[in-house]
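Please read the structure below before turning to the comments.
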Number of protein chains: 2
Amino acid sequence: MSDIRVEAASASYTVHVDRNLLASIAERTAPLARKISQVFIVTSPEIDRLWGAPVRNGFETLGKRVTTLLIPAGESHKRMTTIERLLEELAQHGADRDTLLVALGGGVLGDMTGFLAAIWMRGVPFIQVPTTLLSQVDSSVGGKTGANLAAGKNLVGAFYHPLAVFADLDTLSTLPPRELRAGLQESVKAGVIRYPQLFAFMEQNAEAIRNGELSVLQPVIEDSIRMKAEVVEADERESGLRMILNFGHTVGHAIEAATGYKQLLHGEAIGWGMIAAVRLAQSRNLLDEATATRITKLVHAFGPLPPFEAEAQHLVTLTGSDKKKRSGTLSFILPTSIGTVDIVRDVTEAELLTAVETMLAEMRTANAVTA
Amino acid sequence: MSDIRVEAASASYTVHVDRNLLASIAERTAPLARKISQVFIVTSPEIDRLWGAPVRNGFETLGKRVTTLLIPAGESHKRMTTIERLLEELAQHGADRDTLLVALGGGVLGDMTGFLAAIWMRGVPFIQVPTTLLSQVDSSVGGKTGANLAAGKNLVGAFYHPLAVFADLDTLSTLPPRELRAGLQESVKAGVIRYPQLFAFMEQNAEAIRNGELSVLQPVIEDSIRMKAEVVEADERESGLRMILNFGHTVGHAIEAATGYKQLLHGEAIGWGMIAAVRLAQSRNLLDEATATRITKLVHAFGPLPPFEAEAQHLVTLTGSDKKKRSGTLSFILPTSIGTVDIVRDVTEAELLTAVETMLAEMRTANAVTA
Ligand SMILES: NC(=O)c1ccc[n+]([C@@H]2O[C@H](COP(=O)([O-])OP(=O)(O)OC[C@H]3O[C@@H](n4cnc5c(N)ncnc54)[C@H](O)[C@@H]3O)[C@@H](O)[C@H]2O)c1
Ligand SMILES: NC(=O)c1ccc[n+]([C@@H]2O[C@H](COP(=O)([O-])OP(=O)(O)OC[C@H]3O[C@@H](n4cnc5c(N)ncnc54)[C@H](O)[C@@H]3O)[C@@H](O)[C@H]2O)c1
């Protein structure tokens, strides 16, 4: 069991990583809140059925009234209309300023519940109980909360931290293997941008990690969280260092947009995005071929990354509308070795187009081979 | 001209109070923002027609692209659906993280624009340009932003401060007199809870203030802002001192709810609420009769407070669901002299009922006399 502290500018909290955590969440949370008038568990029907009972029982044992608010699974529900409905439900159940919200589920539920906590009566406490690999290693830490607009992903939100994060490894046992593998791309990213020892460990234990063996998965999760915590501590609001977390994400987001957020999982799109960034780094002579190969190999080790249909130029156009763009200048995070990156601010459209074309060509070749 | 500083825990900014301010807003704002990619003025069609041009021209003179986003006037539009529509419009116009929002209008527009700024891309800068008396003396200062739910007023929101506030006294020239008078109840409140010299000044100059003469209105506005700034500086998040600002608001909110937020203006409801609080303070022997009379007289000096139909018991029930309630205990701010209040936490329903009945009886008598 590991307790990882996050000491951000606006809040400090612990990320607990362990098996069999759910039943003790209530007890561990109670001392962190000034007062808890009642508890709302925000989750999906499936996750509630699988993992809701121990969390609910824990709070009920403490004598708390617990209400479960359900959101159907899926990114398509991460919208303001869902937020508004949940706000009205909180009101109907008499939620007040001492209400505790519990985000039980993957990143979609975590992002939305955090945002709900941020804006209900201008802010009430909440805890994160991430149940996907992606949400354990990435989305539940760092305070980014929010929802999507019709116009784009995560365009609305708040920086708002939980009282604590409880990453129960047991919950991963019911996660579809494809979700597990996709989430691992964020751990590959963590290794590439800052943690060479994590990268090497993932290379050495790729097969067991891929199969979800907890003895090797646990250190991967813990290191990924540590990496993210360090970065967020140094730069909570993404004015500097935190940008490195976007490695693979600029092209990744474009792929998600081009495929309507349906065909690929987030982590899979990021996998392709990391490959495109590696090709861009190589074309700039920032990265040697041997290292480039190590990265693309580890990305594919947690594949298969599903192929998709998109024009290179269309993807490049979509990166231009990525919200990471600041008034015209597009920043790219490019690896310079395993564990280090450069923030490159003058990437031309032509350069990016070539890198994306290379990535697409590799995808088509691989696909032709396996087809 | 006065510049009043607000040094809150999470932000510092200046409230400029003067005539002829609108044209210089752009120039004064530019140095406060890291960078301004484009500007959105959020206002209503009427206010845009009356006061939009100088603000827009100022930013255009600085070479900024300015877009005006319109919301119809009125509390009924202070809703999440309006917020969502505005968010989508920001996206359609290519708003990014360096976008500046300008709230031009009364408290409804200020609260919503501030909330929009708080959640668009997890926070962009905004300025307040309050054009009602209420928004100049109260809502534009202190960082409370938000919207209403079907279930209740201001249930959703964020603490989020502007870069600056520009209270242009000229804009009050087009404000309906009833709106001016209603807003002045918040200045009466400021005097009662903390500024005896403001209270005395308002007594001495009631007629001229009521008529909107700027020579006397300006010091009233400035003192009201100073009072609010002091309180917010001491307690940004309303965990202690800031609660005193709720004097008159518990019963006031109940009256607004009982009358469907339509019959009375906010300030008028607060006027009645202050009278109820005064009667409660007297029944507890916290306040002598002479002082009580001074307060109710000054409240009525900025009337007429419209009479309304409501059962005392219904109003008492509605105060119980007021969001200021913390897990069952209802706090009341009761005056003990001109300039001092007590936070009383053990008001019984019976006591409150008597005070509300007294207030209603006074209303009916006055109404019978004038009718
Ligand atoms: N806040 C951040 O910093 C941040 C970072 C990265 C990603 N995100 C967001 O996270 C979201 C993606 O998160 P995700 O990958 O967890 O997706 P998700 O929340 O959609 O979960 C994936 C699927 O797994 C199911 N599921 C979850 N836990 C399960 C379990 N234990 N057993 C069985 N099924 C389970 C869910 O119902 C869902 O169908 C995106 O919206 C993305 O924008 C946020
Ligand atoms: N954030 C806070 O701390 C805080 C404090 C108090 C009140 N409020 C909120 O403020 C709102 C009430 O604000 P308000 O009283 O300013 O009401 P408002 O914004 O509805 O404005 C009142 C009316 O005056 C019109 N108007 C505004 N400026 C004008 C001008 N210069 N000339 C002509 N017409 C003009 C408006 O169009 C509207 O019809 C409520 O929603 C309340 O919840 C917020």
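Just remember, in the structure tokens the first chain shown is A, the second B, etc., residues are 1-based per chain, and ligands are 1-based in the order shown.
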Dump the neighbourhood of ligand 1 as a PDB file with N, CA, C and O atoms, in the first residue's frame: all residues within 8 Å, distances computed on only C-alpha atoms and all ligand atoms.
```
ATOM      1  N   SER A  44     -22.091   5.279 -12.259  1.00  0.00           N
ATOM      2  CA  SER A  44     -22.947   4.755 -13.326  1.00  0.00           C
ATOM      3  C   SER A  44     -23.630   3.500 -12.812  1.00  0.00           C
ATOM      4  O   SER A  44     -23.164   2.874 -11.850  1.00  0.00           O
ATOM      5  N   GLU A  46     -23.658   0.465 -13.865  1.00  0.00           N
ATOM      6  CA  GLU A  46     -22.785  -0.717 -13.884  1.00  0.00           C
ATOM      7  C   GLU A  46     -21.786  -0.680 -12.729  1.00  0.00           C
ATOM      8  O   GLU A  46     -21.583  -1.678 -12.037  1.00  0.00           O
ATOM      9  N   ILE A  47     -21.141   0.446 -12.573  1.00  0.00           N
ATOM     10  CA  ILE A  47     -20.113   0.535 -11.530  1.00  0.00           C
ATOM     11  C   ILE A  47     -20.761   0.470 -10.150  1.00  0.00           C
ATOM     12  O   ILE A  47     -20.218  -0.123  -9.220  1.00  0.00           O
ATOM     13  N   LEU A  50     -21.254  -3.145  -9.427  1.00  0.00           N
ATOM     14  CA  LEU A  50     -20.001  -3.852  -9.157  1.00  0.00           C
ATOM     15  C   LEU A  50     -19.335  -3.408  -7.854  1.00  0.00           C
ATOM     16  O   LEU A  50     -18.853  -4.234  -7.083  1.00  0.00           O
ATOM     17  N   TRP A  51     -19.263  -2.119  -7.621  1.00  0.00           N
ATOM     18  CA  TRP A  51     -18.408  -1.592  -6.553  1.00  0.00           C
ATOM     19  C   TRP A  51     -19.069  -0.589  -5.614  1.00  0.00           C
ATOM     20  O   TRP A  51     -18.418  -0.023  -4.733  1.00  0.00           O
ATOM     21  N   PRO A  72     -25.459   7.531 -16.920  1.00  0.00           N
ATOM     22  CA  PRO A  72     -25.106   6.418 -17.798  1.00  0.00           C
ATOM     23  C   PRO A  72     -23.628   6.507 -18.191  1.00  0.00           C
ATOM     24  O   PRO A  72     -23.084   7.610 -18.293  1.00  0.00           O
ATOM     25  N   ALA A  73     -22.973   5.365 -18.393  1.00  0.00           N
ATOM     26  CA  ALA A  73     -21.558   5.345 -18.770  1.00  0.00           C
ATOM     27  C   ALA A  73     -21.364   6.014 -20.121  1.00  0.00           C
ATOM     28  O   ALA A  73     -22.258   6.010 -20.970  1.00  0.00           O
ATOM     29  N   GLY A  74     -20.184   6.594 -20.315  1.00  0.00           N
ATOM     30  CA  GLY A  74     -19.830   7.077 -21.639  1.00  0.00           C
ATOM     31  C   GLY A  74     -19.580   8.569 -21.727  1.00  0.00           C
ATOM     32  O   GLY A  74     -20.246   9.382 -21.090  1.00  0.00           O
ATOM     33  N   GLU A  75     -18.609   8.894 -22.564  1.00  0.00           N
ATOM     34  CA  GLU A  75     -18.180  10.273 -22.795  1.00  0.00           C
ATOM     35  C   GLU A  75     -19.332  11.156 -23.279  1.00  0.00           C
ATOM     36  O   GLU A  75     -19.344  12.366 -23.011  1.00  0.00           O
ATOM     37  N   LYS A  78     -20.886  13.365 -20.722  1.00  0.00           N
ATOM     38  CA  LYS A  78     -20.050  14.349 -20.007  1.00  0.00           C
ATOM     39  C   LYS A  78     -20.381  15.745 -20.517  1.00  0.00           C
ATOM     40  O   LYS A  78     -19.572  16.405 -21.158  1.00  0.00           O
ATOM     41  N   GLY A 105     -15.925   5.905 -10.263  1.00  0.00           N
ATOM     42  CA  GLY A 105     -15.922   5.490 -11.663  1.00  0.00           C
ATOM     43  C   GLY A 105     -14.662   5.929 -12.380  1.00  0.00           C
ATOM     44  O   GLY A 105     -13.646   6.239 -11.752  1.00  0.00           O
ATOM     45  N   GLY A 106     -14.744   5.973 -13.707  1.00  0.00           N
ATOM     46  CA  GLY A 106     -13.598   6.366 -14.521  1.00  0.00           C
ATOM     47  C   GLY A 106     -13.475   7.873 -14.625  1.00  0.00           C
ATOM     48  O   GLY A 106     -14.095   8.623 -13.858  1.00  0.00           O
ATOM     49  N   GLY A 107     -12.668   8.305 -15.592  1.00  0.00           N
ATOM     50  CA  GLY A 107     -12.373   9.725 -15.743  1.00  0.00           C
ATOM     51  C   GLY A 107     -13.592  10.567 -16.066  1.00  0.00           C
ATOM     52  O   GLY A 107     -13.682  11.735 -15.650  1.00  0.00           O
ATOM     53  N   VAL A 108     -14.539   9.992 -16.797  1.00  0.00           N
ATOM     54  CA  VAL A 108     -15.742  10.752 -17.141  1.00  0.00           C
ATOM     55  C   VAL A 108     -16.492  11.129 -15.863  1.00  0.00           C
ATOM     56  O   VAL A 108     -16.837  12.295 -15.640  1.00  0.00           O
ATOM     57  N   LEU A 109     -16.710  10.171 -15.005  1.00  0.00           N
ATOM     58  CA  LEU A 109     -17.417  10.435 -13.754  1.00  0.00           C
ATOM     59  C   LEU A 109     -16.600  11.314 -12.816  1.00  0.00           C
ATOM     60  O   LEU A 109     -17.144  12.187 -12.140  1.00  0.00           O
ATOM     61  N   GLY A 110     -15.289  11.084 -12.792  1.00  0.00           N
ATOM     62  CA  GLY A 110     -14.425  11.870 -11.914  1.00  0.00           C
ATOM     63  C   GLY A 110     -14.404  13.335 -12.319  1.00  0.00           C
ATOM     64  O   GLY A 110     -14.529  14.231 -11.475  1.00  0.00           O
ATOM     65  N   ASP A 111     -14.264  13.584 -13.620  1.00  0.00           N
ATOM     66  CA  ASP A 111     -14.221  14.973 -14.100  1.00  0.00           C
ATOM     67  C   ASP A 111     -15.542  15.683 -13.815  1.00  0.00           C
ATOM     68  O   ASP A 111     -15.561  16.845 -13.397  1.00  0.00           O
ATOM     69  N   PRO A 130     -11.332   6.455  -8.235  1.00  0.00           N
ATOM     70  CA  PRO A 130     -11.161   6.086  -9.643  1.00  0.00           C
ATOM     71  C   PRO A 130     -11.151   4.570  -9.829  1.00  0.00           C
ATOM     72  O   PRO A 130     -10.493   3.849  -9.072  1.00  0.00           O
ATOM     73  N   THR A 131     -11.891   4.098 -10.823  1.00  0.00           N
ATOM     74  CA  THR A 131     -12.014   2.646 -11.030  1.00  0.00           C
ATOM     75  C   THR A 131     -11.507   2.195 -12.398  1.00  0.00           C
ATOM     76  O   THR A 131     -11.706   1.040 -12.772  1.00  0.00           O
ATOM     77  N   THR A 132     -10.899   3.118 -13.161  1.00  0.00           N
ATOM     78  CA  THR A 132     -10.232   2.696 -14.401  1.00  0.00           C
ATOM     79  C   THR A 132      -8.746   2.957 -14.231  1.00  0.00           C
ATOM     80  O   THR A 132      -8.333   3.767 -13.378  1.00  0.00           O
ATOM     81  N   LEU A 133      -7.931   2.286 -15.042  1.00  0.00           N
ATOM     82  CA  LEU A 133      -6.503   2.544 -14.942  1.00  0.00           C
ATOM     83  C   LEU A 133      -6.220   4.007 -15.273  1.00  0.00           C
ATOM     84  O   LEU A 133      -5.455   4.685 -14.587  1.00  0.00           O
ATOM     85  N   LEU A 134      -6.855   4.504 -16.337  1.00  0.00           N
ATOM     86  CA  LEU A 134      -6.612   5.890 -16.734  1.00  0.00           C
ATOM     87  C   LEU A 134      -6.939   6.872 -15.618  1.00  0.00           C
ATOM     88  O   LEU A 134      -6.183   7.808 -15.348  1.00  0.00           O
ATOM     89  N   SER A 135      -8.052   6.657 -14.959  1.00  0.00           N
ATOM     90  CA  SER A 135      -8.413   7.618 -13.912  1.00  0.00           C
ATOM     91  C   SER A 135      -7.527   7.458 -12.683  1.00  0.00           C
ATOM     92  O   SER A 135      -7.255   8.424 -11.974  1.00  0.00           O
ATOM     93  N   ASP A 138      -4.062   9.044 -13.848  1.00  0.00           N
ATOM     94  CA  ASP A 138      -4.029  10.352 -14.484  1.00  0.00           C
ATOM     95  C   ASP A 138      -5.145  11.290 -14.015  1.00  0.00           C
ATOM     96  O   ASP A 138      -4.903  12.251 -13.292  1.00  0.00           O
ATOM     97  N   SER A 139      -6.391  10.995 -14.397  1.00  0.00           N
ATOM     98  CA  SER A 139      -7.410  12.041 -14.281  1.00  0.00           C
ATOM     99  C   SER A 139      -7.819  12.377 -12.857  1.00  0.00           C
ATOM    100  O   SER A 139      -8.276  13.483 -12.591  1.00  0.00           O
ATOM    101  N   SER A 140      -7.650  11.442 -11.907  1.00  0.00           N
ATOM    102  CA  SER A 140      -8.118  11.735 -10.550  1.00  0.00           C
ATOM    103  C   SER A 140      -7.137  12.611  -9.769  1.00  0.00           C
ATOM    104  O   SER A 140      -7.460  13.116  -8.699  1.00  0.00           O
ATOM    105  N   VAL A 141      -5.945  12.801 -10.316  1.00  0.00           N
ATOM    106  CA  VAL A 141      -4.930  13.606  -9.642  1.00  0.00           C
ATOM    107  C   VAL A 141      -4.676  14.888 -10.425  1.00  0.00           C
ATOM    108  O   VAL A 141      -4.532  14.837 -11.645  1.00  0.00           O
ATOM    109  N   GLY A 142      -4.665  16.009  -9.750  1.00  0.00           N
ATOM    110  CA  GLY A 142      -4.260  17.234 -10.428  1.00  0.00           C
ATOM    111  C   GLY A 142      -5.304  18.319 -10.468  1.00  0.00           C
ATOM    112  O   GLY A 142      -5.022  19.450 -10.846  1.00  0.00           O
ATOM    113  N   GLY A 143      -6.544  17.999 -10.118  1.00  0.00           N
ATOM    114  CA  GLY A 143      -7.519  19.056  -9.934  1.00  0.00           C
ATOM    115  C   GLY A 143      -8.220  19.557 -11.180  1.00  0.00           C
ATOM    116  O   GLY A 143      -9.005  20.498 -11.107  1.00  0.00           O
ATOM    117  N   LYS A 144      -7.968  18.953 -12.324  1.00  0.00           N
ATOM    118  CA  LYS A 144      -8.730  19.387 -13.500  1.00  0.00           C
ATOM    119  C   LYS A 144     -10.079  18.689 -13.493  1.00  0.00           C
ATOM    120  O   LYS A 144     -10.155  17.456 -13.470  1.00  0.00           O
ATOM    121  N   THR A 145     -11.134  19.473 -13.509  1.00  0.00           N
ATOM    122  CA  THR A 145     -12.481  18.911 -13.553  1.00  0.00           C
ATOM    123  C   THR A 145     -13.239  19.598 -14.682  1.00  0.00           C
ATOM    124  O   THR A 145     -12.830  20.660 -15.137  1.00  0.00           O
ATOM    125  N   GLY A 146     -14.329  18.999 -15.130  1.00  0.00           N
ATOM    126  CA  GLY A 146     -15.091  19.689 -16.161  1.00  0.00           C
ATOM    127  C   GLY A 146     -15.959  18.796 -17.009  1.00  0.00           C
ATOM    128  O   GLY A 146     -16.206  17.635 -16.688  1.00  0.00           O
ATOM    129  N   ALA A 147     -16.423  19.391 -18.101  1.00  0.00           N
ATOM    130  CA  ALA A 147     -17.308  18.690 -19.027  1.00  0.00           C
ATOM    131  C   ALA A 147     -17.006  19.155 -20.444  1.00  0.00           C
ATOM    132  O   ALA A 147     -16.222  20.075 -20.661  1.00  0.00           O
ATOM    133  N   LYS A 153     -13.994  19.111 -26.458  1.00  0.00           N
ATOM    134  CA  LYS A 153     -13.828  18.410 -25.182  1.00  0.00           C
ATOM    135  C   LYS A 153     -13.249  19.305 -24.095  1.00  0.00           C
ATOM    136  O   LYS A 153     -12.353  20.108 -24.349  1.00  0.00           O
ATOM    137  N   ASN A 154     -13.735  19.109 -22.887  1.00  0.00           N
ATOM    138  CA  ASN A 154     -13.170  19.747 -21.689  1.00  0.00           C
ATOM    139  C   ASN A 154     -13.071  21.263 -21.815  1.00  0.00           C
ATOM    140  O   ASN A 154     -12.174  21.876 -21.248  1.00  0.00           O
ATOM    141  N   THR A 171     -10.645  -2.852  -8.044  1.00  0.00           N
ATOM    142  CA  THR A 171     -11.695  -2.455  -9.004  1.00  0.00           C
ATOM    143  C   THR A 171     -11.257  -2.720 -10.442  1.00  0.00           C
ATOM    144  O   THR A 171     -12.097  -2.875 -11.328  1.00  0.00           O
ATOM    145  N   LEU A 172      -9.939  -2.779 -10.649  1.00  0.00           N
ATOM    146  CA  LEU A 172      -9.460  -2.999 -12.018  1.00  0.00           C
ATOM    147  C   LEU A 172      -9.779  -4.408 -12.524  1.00  0.00           C
ATOM    148  O   LEU A 172      -9.709  -4.672 -13.723  1.00  0.00           O
ATOM    149  N   SER A 173     -10.126  -5.306 -11.593  1.00  0.00           N
ATOM    150  CA  SER A 173     -10.387  -6.694 -11.994  1.00  0.00           C
ATOM    151  C   SER A 173     -11.587  -6.814 -12.926  1.00  0.00           C
ATOM    152  O   SER A 173     -11.690  -7.755 -13.696  1.00  0.00           O
ATOM    153  N   THR A 174     -12.518  -5.855 -12.858  1.00  0.00           N
ATOM    154  CA  THR A 174     -13.698  -5.935 -13.722  1.00  0.00           C
ATOM    155  C   THR A 174     -13.578  -5.037 -14.960  1.00  0.00           C
ATOM    156  O   THR A 174     -14.487  -4.982 -15.781  1.00  0.00           O
ATOM    157  N   LEU A 175     -12.463  -4.333 -15.054  1.00  0.00           N
ATOM    158  CA  LEU A 175     -12.297  -3.401 -16.174  1.00  0.00           C
ATOM    159  C   LEU A 175     -12.015  -4.173 -17.465  1.00  0.00           C
ATOM    160  O   LEU A 175     -11.180  -5.076 -17.473  1.00  0.00           O
ATOM    161  N   PRO A 176     -12.698  -3.857 -18.565  1.00  0.00           N
ATOM    162  CA  PRO A 176     -12.380  -4.543 -19.828  1.00  0.00           C
ATOM    163  C   PRO A 176     -10.896  -4.386 -20.156  1.00  0.00           C
ATOM    164  O   PRO A 176     -10.348  -3.295 -20.006  1.00  0.00           O
ATOM    165  N   GLU A 179      -9.652  -1.368 -21.983  1.00  0.00           N
ATOM    166  CA  GLU A 179      -9.601  -0.135 -21.186  1.00  0.00           C
ATOM    167  C   GLU A 179      -8.304  -0.079 -20.371  1.00  0.00           C
ATOM    168  O   GLU A 179      -7.690   0.974 -20.234  1.00  0.00           O
ATOM    169  N   ALA A 182      -5.399   0.701 -22.766  1.00  0.00           N
ATOM    170  CA  ALA A 182      -5.438   2.103 -23.220  1.00  0.00           C
ATOM    171  C   ALA A 182      -4.940   3.026 -22.112  1.00  0.00           C
ATOM    172  O   ALA A 182      -4.154   3.949 -22.348  1.00  0.00           O
ATOM    173  N   GLY A 183      -5.359   2.752 -20.883  1.00  0.00           N
ATOM    174  CA  GLY A 183      -4.919   3.576 -19.758  1.00  0.00           C
ATOM    175  C   GLY A 183      -3.421   3.533 -19.563  1.00  0.00           C
ATOM    176  O   GLY A 183      -2.803   4.514 -19.148  1.00  0.00           O
ATOM    177  N   LEU A 265     -10.338   4.597 -27.915  1.00  0.00           N
ATOM    178  CA  LEU A 265     -10.336   5.071 -26.532  1.00  0.00           C
ATOM    179  C   LEU A 265      -9.306   6.199 -26.420  1.00  0.00           C
ATOM    180  O   LEU A 265      -8.368   6.280 -27.220  1.00  0.00           O
ATOM    181  N   HIS A 266      -9.502   7.039 -25.396  1.00  0.00           N
ATOM    182  CA  HIS A 266      -8.602   8.184 -25.194  1.00  0.00           C
ATOM    183  C   HIS A 266      -7.133   7.726 -25.217  1.00  0.00           C
ATOM    184  O   HIS A 266      -6.314   8.267 -25.970  1.00  0.00           O
ATOM    185  N   GLY A 267      -6.800   6.715 -24.437  1.00  0.00           N
ATOM    186  CA  GLY A 267      -5.414   6.252 -24.353  1.00  0.00           C
ATOM    187  C   GLY A 267      -4.881   5.746 -25.687  1.00  0.00           C
ATOM    188  O   GLY A 267      -3.696   5.921 -26.001  1.00  0.00           O
TER     189      GLY A 267
END
```
Q.
Select, as a ChimeraX atom specification, those residues of chain B with any atom no more than 8 Å from chain A (distances computed using only C-alpha atoms).
A. /B:37,80,84,87-88,91-92,96-98,118-123,146,149-152,154-159,323,325-327
**Q.** Test item: residues at most 8 Å from Val192 in chain B, only C-alpha atoms, excluding those fewer than 2 positions along its chain, as an MDAnalysis selection string
**A.** chainID B and resid 188:190 194:196 199 295 335 337:341
For C-alpha atoms, I'd like the residues from the last selection saved as a JSON list (two decimals), in the first residue's frame.
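Once written, out04.json looks like this:
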```json
[["chain", "number", "residue", "atom", "x", "y", "z"],
["B", 188, "VAL", "CA", -28.76, 51.01, 4.35],
["B", 189, "LYS", "CA", -27.62, 47.51, 5.24],
["B", 190, "ALA", "CA", -23.96, 48.55, 4.97],
["B", 194, "ARG", "CA", -20.75, 48.32, 10.05],
["B", 195, "TYR", "CA", -20.69, 51.97, 8.95],
["B", 196, "PRO", "CA", -22.60, 54.27, 11.35],
["B", 199, "PHE", "CA", -26.04, 55.49, 7.99],
["B", 295, "ILE", "CA", -33.50, 51.79, 10.93],
["B", 335, "PRO", "CA", -28.43, 44.59, 14.78],
["B", 337, "SER", "CA", -26.84, 49.34, 17.41],
["B", 338, "ILE", "CA", -26.25, 51.39, 14.26],
["B", 339, "GLY", "CA", -22.99, 49.85, 13.09],
["B", 340, "THR", "CA", -22.88, 46.61, 15.07],
["B", 341, "VAL", "CA", -24.55, 43.22, 14.73]]
```
**Q.** Exercise: Ile127 in chain B partners within 7 Å, only C-alpha atoms, chain neighbours under 4 positions left out, as a ChimeraX atom specification
**A.** /B:101-103,162-165
Residues of range 119-152 of chain B in strand (DSSP E), written as a PDB file with C-alpha atoms, in the first residue's frame:
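Produced file result37.pdb, reproduced below:
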```
ATOM      1  CA  PHE B 126     -13.004  39.240 -16.670  1.00  0.00           C
ATOM      2  CA  ILE B 127     -13.962  42.726 -15.553  1.00  0.00           C
ATOM      3  CA  GLN B 128     -17.139  44.011 -13.953  1.00  0.00           C
ATOM      4  CA  VAL B 129     -18.872  47.099 -15.336  1.00  0.00           C
ATOM      5  CA  PRO B 130     -21.895  47.354 -13.024  1.00  0.00           C
ATOM      6  CA  LYS B 144     -19.505  35.583  -5.697  1.00  0.00           C
ATOM      7  CA  THR B 145     -20.622  34.499  -9.150  1.00  0.00           C
ATOM      8  CA  GLY B 146     -23.246  32.062 -10.323  1.00  0.00           C
ATOM      9  CA  ALA B 147     -26.704  31.254 -11.539  1.00  0.00           C
ATOM     10  CA  ASN B 148     -30.043  30.030 -10.256  1.00  0.00           C
ATOM     11  CA  LEU B 149     -31.499  26.536 -10.433  1.00  0.00           C
ATOM     12  CA  GLY B 152     -33.475  27.954  -5.829  1.00  0.00           C
TER      13      GLY B 152
END
```
Q.
So that I can check the surroundings of Ser224 in chain B, please list as a PyMOL selection string every protein, DNA and RNA residue that reaches within 8 Å of it, counting only C-alpha atoms and ignoring chain neighbours fewer than 6 positions away.
A. chain B and resi 137-138+186-187+190-191+198
Just the selected residues (N, CA, C and O atoms), exported as a JSON list (two decimals), in the first residue's frame, please.
```json
[["chain", "number", "residue", "atom", "x", "y", "z"],
["B", 137, "VAL", "N", -22.82, 48.78, -5.64],
["B", 137, "VAL", "CA", -22.51, 48.79, -4.21],
["B", 137, "VAL", "C", -22.36, 47.39, -3.63],
["B", 137, "VAL", "O", -21.83, 47.22, -2.54],
["B", 138, "ASP", "N", -22.79, 46.37, -4.37],
["B", 138, "ASP", "CA", -22.83, 45.06, -3.74],
["B", 138, "ASP", "C", -22.31, 43.93, -4.64],
["B", 138, "ASP", "O", -21.22, 43.40, -4.41],
["B", 186, "GLU", "N", -29.28, 48.10, 0.06],
["B", 186, "GLU", "CA", -28.01, 47.44, 0.41],
["B", 186, "GLU", "C", -27.05, 48.44, 1.07],
["B", 186, "GLU", "O", -26.21, 48.05, 1.87],
["B", 187, "SER", "N", -27.18, 49.71, 0.74],
["B", 187, "SER", "CA", -26.37, 50.72, 1.41],
["B", 187, "SER", "C", -26.88, 50.98, 2.83],
["B", 187, "SER", "O", -26.09, 51.21, 3.75],
["B", 190, "ALA", "N", -25.38, 48.28, 4.70],
["B", 190, "ALA", "CA", -23.96, 48.55, 4.97],
["B", 190, "ALA", "C", -23.81, 49.46, 6.19],
["B", 190, "ALA", "O", -22.94, 49.24, 7.03],
["B", 191, "GLY", "N", -24.68, 50.47, 6.26],
["B", 191, "GLY", "CA", -24.63, 51.37, 7.40],
["B", 191, "GLY", "C", -24.98, 50.68, 8.70],
["B", 191, "GLY", "O", -24.27, 50.80, 9.70],
["B", 198, "LEU", "N", -21.96, 56.22, 7.51],
["B", 198, "LEU", "CA", -22.72, 56.09, 6.26],
["B", 198, "LEU", "C", -24.21, 56.17, 6.55],
["B", 198, "LEU", "O", -24.97, 56.86, 5.85]]
```
Q: Run DSSP on the backbone of this structure and report the residues of range 186-253 of chain A it assigns to helix (DSSP H, G or I), as an MDAnalysis selection string.
A: chainID A and resid 186:193 196:204 206:210 214:234 241:246 249:253
Q: Calculate how many Å separate atom 7 (C, counted along the ligand's line) of ligand 2 from CA of Thr259 in chain B, rounding to one decimal.
A: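 Rounded to one decimal, the two atoms are 17.2 Å apart.
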(Q) Would you pick out the contacts of range 207-223 of chain A at 9 Å or less, using only C-alpha atoms, so that residues sharing its chain but fewer than 3 positions from it are not included, and give the list as an NGL selection string? (A) :A and (1-4 or 17-18 or 133 or 136-137 or 169-170 or 172-173 or 177 or 180-181 or 184 or 187 or 190-191 or 195 or 198 or 201-204 or 226-228 or 301-302)
Q. Which of these, B:His300, B:Arg242, B:His77, B:Arg284, has the shortest distance to Glu268 in chain B once you count only C-alpha atoms?
A. B:His300
Q) What lies within 8 Å of Leu21 in chain A using only C-alpha atoms, ignoring chain neighbours under 4 positions off, as a list in words? A)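 Here the answer would be Ile25, Phe166, Ala167 and Asp168 of chain A.
You can rank B:Leu32, B:Val39, B:Ala361, B:Ala229 by their closest distance to ligand 2 using only C-alpha atoms and all ligand atoms, and at the top of that list sits B:Ala229.
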Q.
Which residue is closest to ligand 2? Choose from B:Val299, B:Leu86, B:Ile71, B:Ile193 and count only C-alpha atoms and all ligand atoms.
A. B:Ile71
